[in-house]
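Take a look at the structure set out below.
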Amino acid sequence: MFEFLNTGALGFLLFLSLVVIPIRKKAPYLIVMLGFMFILLFYGAYASYSDAKNNRRYFSDGDMLKCLSAGGIYTSANQYSVSKAEGWILKKSYFIKDSLMLHADMCEKQEL
């Protein structure tokens, strides 16, 4: 599950917690807000993990998945149909075909 953590956000929250700890008596609500943000961060990681786990199961069952590639700064996300029948393989949390790797949590089951 930890591979789905947003490490940038986690590092930022750790930095904020180091800044807030010395002033916690002056502003106790900041500690509550930091705790809430940590909970949201881990909830997001768990939700992504659950999506990836379900998509891996759908793939293993032979279902067709509709996956998005992560778009870059200058490109938009592309959409791919993923299934065993089309030659895709599953490795950890990635669907792989030739040199293309798609993260399993960026997919949804395609209804026919």
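Following the order of the structure tokens, first chain is A, next is B, and so on, with residues numbered from 1 inside each chain and ligands from 1 in the order they appear.
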
Which residues, written as an mmCIF file with N, CA and C atoms, in the first residue's frame, have at least one atom at most 6 Å from stretch 103-107 of chain A, with only C-alpha atoms counted and residues fewer than 2 positions away on the same chain left out?
```cif
data_model
loop_
_atom_site.group_PDB
_atom_site.id
_atom_site.type_symbol
_atom_site.label_atom_id
_atom_site.label_comp_id
_atom_site.auth_asym_id
_atom_site.auth_seq_id
_atom_site.Cartn_x
_atom_site.Cartn_y
_atom_site.Cartn_z
ATOM 1 N N SER A 48 -6.385 4.216 -3.508
ATOM 2 C CA SER A 48 -5.651 3.841 -4.721
ATOM 3 C C SER A 48 -5.233 2.377 -4.683
ATOM 4 N N ASP A 51 -8.306 0.247 -5.410
ATOM 5 C CA ASP A 51 -8.624 0.275 -6.838
ATOM 6 C C ASP A 51 -7.683 -0.627 -7.625
ATOM 7 N N ALA A 52 -6.389 -0.540 -7.321
ATOM 8 C CA ALA A 52 -5.402 -1.369 -8.033
ATOM 9 C C ALA A 52 -5.645 -2.853 -7.769
ATOM 10 N N LYS A 66 -10.452 -0.290 -18.980
ATOM 11 C CA LYS A 66 -10.166 0.961 -19.674
ATOM 12 C C LYS A 66 -9.216 1.740 -18.776
ATOM 13 N N CYS A 67 -7.985 1.974 -19.248
ATOM 14 C CA CYS A 67 -6.949 2.596 -18.435
ATOM 15 C C CYS A 67 -6.511 3.922 -19.051
ATOM 16 N N LEU A 68 -6.110 4.836 -18.181
ATOM 17 C CA LEU A 68 -5.565 6.118 -18.613
ATOM 18 C C LEU A 68 -4.088 6.154 -18.299
ATOM 19 N N SER A 93 1.882 -3.825 -9.673
ATOM 20 C CA SER A 93 0.711 -2.961 -9.845
ATOM 21 C C SER A 93 0.721 -2.261 -11.203
ATOM 22 N N TYR A 94 1.320 -2.903 -12.196
ATOM 23 C CA TYR A 94 1.411 -2.302 -13.521
ATOM 24 C C TYR A 94 0.914 -3.271 -14.583
#
```

Counting only C-alpha atoms, figure out which residue out of A:Leu65, A:Val82, A:Ala27, A:Leu5 gets nearest to A:Lys109.
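Among the listed residues, A:Leu65 lies closest to A:Lys109.
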
Every residue of stretch 22-75 of chain A that DSSP places in alpha helix (DSSP H), as a ChimeraX atom specification
/A:29-60

Write the residues of the selection above to a file with C-alpha atoms, as a JSON list (two decimals), in the first residue's frame.
```json
[["chain", "number", "residue", "atom", "x", "y", "z"],
["A", 29, "TYR", "CA", -6.04, 23.62, 16.26],
["A", 30, "LEU", "CA", -3.00, 23.30, 13.96],
["A", 31, "ILE", "CA", -2.18, 19.89, 15.45],
["A", 32, "VAL", "CA", -5.75, 18.75, 14.77],
["A", 33, "MET", "CA", -5.53, 20.02, 11.19],
["A", 34, "LEU", "CA", -2.20, 18.23, 10.64],
["A", 35, "GLY", "CA", -3.65, 15.02, 12.00],
["A", 36, "PHE", "CA", -6.63, 15.36, 9.66],
["A", 37, "MET", "CA", -4.30, 15.94, 6.68],
["A", 38, "PHE", "CA", -2.26, 12.83, 7.56],
["A", 39, "ILE", "CA", -5.48, 10.81, 7.74],
["A", 40, "LEU", "CA", -6.56, 12.13, 4.33],
["A", 41, "LEU", "CA", -3.16, 11.29, 2.85],
["A", 42, "PHE", "CA", -3.31, 7.69, 4.07],
["A", 43, "TYR", "CA", -6.96, 7.36, 3.05],
["A", 44, "GLY", "CA", -6.02, 8.41, -0.50],
["A", 45, "ALA", "CA", -3.23, 5.84, -0.57],
["A", 46, "TYR", "CA", -5.59, 3.13, 0.68],
["A", 47, "ALA", "CA", -8.23, 4.07, -1.91],
["A", 48, "SER", "CA", -5.65, 3.84, -4.72],
["A", 49, "TYR", "CA", -4.41, 0.52, -3.35],
["A", 50, "SER", "CA", -7.98, -0.86, -3.26],
["A", 51, "ASP", "CA", -8.62, 0.28, -6.84],
["A", 52, "ALA", "CA", -5.40, -1.37, -8.03],
["A", 53, "LYS", "CA", -6.22, -4.59, -6.19],
["A", 54, "ASN", "CA", -9.70, -4.76, -7.74],
["A", 55, "ASN", "CA", -8.31, -4.01, -11.21],
["A", 56, "ARG", "CA", -5.67, -6.73, -10.87],
["A", 57, "ARG", "CA", -8.45, -9.18, -9.97],
["A", 58, "TYR", "CA", -10.59, -8.07, -12.95],
["A", 59, "PHE", "CA", -7.55, -8.50, -15.22],
["A", 60, "SER", "CA", -6.86, -11.99, -13.84]]
```

Here is a test: counting only C-alpha atoms, which residue of A:Phe12, A:Gly87, A:Ile96, A:Leu102 is nearest to A:Ser69?
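Result for the nearest residue to A:Ser69: A:Leu102.
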
Identify which of the residues A:Gly11, A:Asp98, A:Ser17, A:Pro22 lies closest to A:Glu86, counting only C-alpha atoms when measuring atom-to-atom distances.
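Using only C-alpha atoms, the shortest distance to A:Glu86 belongs to A:Asp98.
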
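Relative to atom CA of A:Ala85, atom CA of A:Met64 is found at 8.7 Å.
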
Out of chain A, which residues get strand (DSSP E) from DSSP, as a ChimeraX atom specification?
/A:65-68,79-82,89-91,94-97,100-103,107-109

I need the chosen residues saved as a compact mmCIF listing (two decimals), in the first residue's frame, with C-alpha atoms.
```txt
# COMPACT_ATOMS: atom_id res chain seq x y z
CA LEU A 65 -10.21 -2.63 -18.48
CA LYS A 66 -10.17 0.96 -19.67
CA CYS A 67 -6.95 2.60 -18.44
CA LEU A 68 -5.57 6.12 -18.61
CA GLN A 79 -6.82 5.91 -23.01
CA TYR A 80 -6.01 2.22 -23.51
CA SER A 81 -8.01 -1.00 -23.50
CA VAL A 82 -6.22 -3.55 -21.36
CA ILE A 89 0.75 -8.73 -18.74
CA LEU A 90 0.47 -7.88 -15.05
CA LYS A 91 3.57 -7.19 -12.99
CA TYR A 94 1.41 -2.30 -13.52
CA PHE A 95 -0.10 -3.48 -16.78
CA ILE A 96 2.69 -3.87 -19.34
CA LYS A 97 2.65 -4.21 -23.11
CA LEU A 100 4.21 0.88 -22.12
CA MET A 101 3.47 0.58 -18.39
CA LEU A 102 0.11 1.63 -16.96
CA HIS A 103 -0.52 1.88 -13.24
CA CYS A 107 -8.19 1.85 -14.67
CA GLU A 108 -11.82 0.92 -14.48
CA LYS A 109 -13.71 -2.13 -15.61
```

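The space separating atom CA of A:Gly72 from atom CA of A:Ser99 comes to 17.1 Å.
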
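Here atom CA of A:Asn78 is placed at a distance of 15.6 Å from atom CA of A:Gln110.
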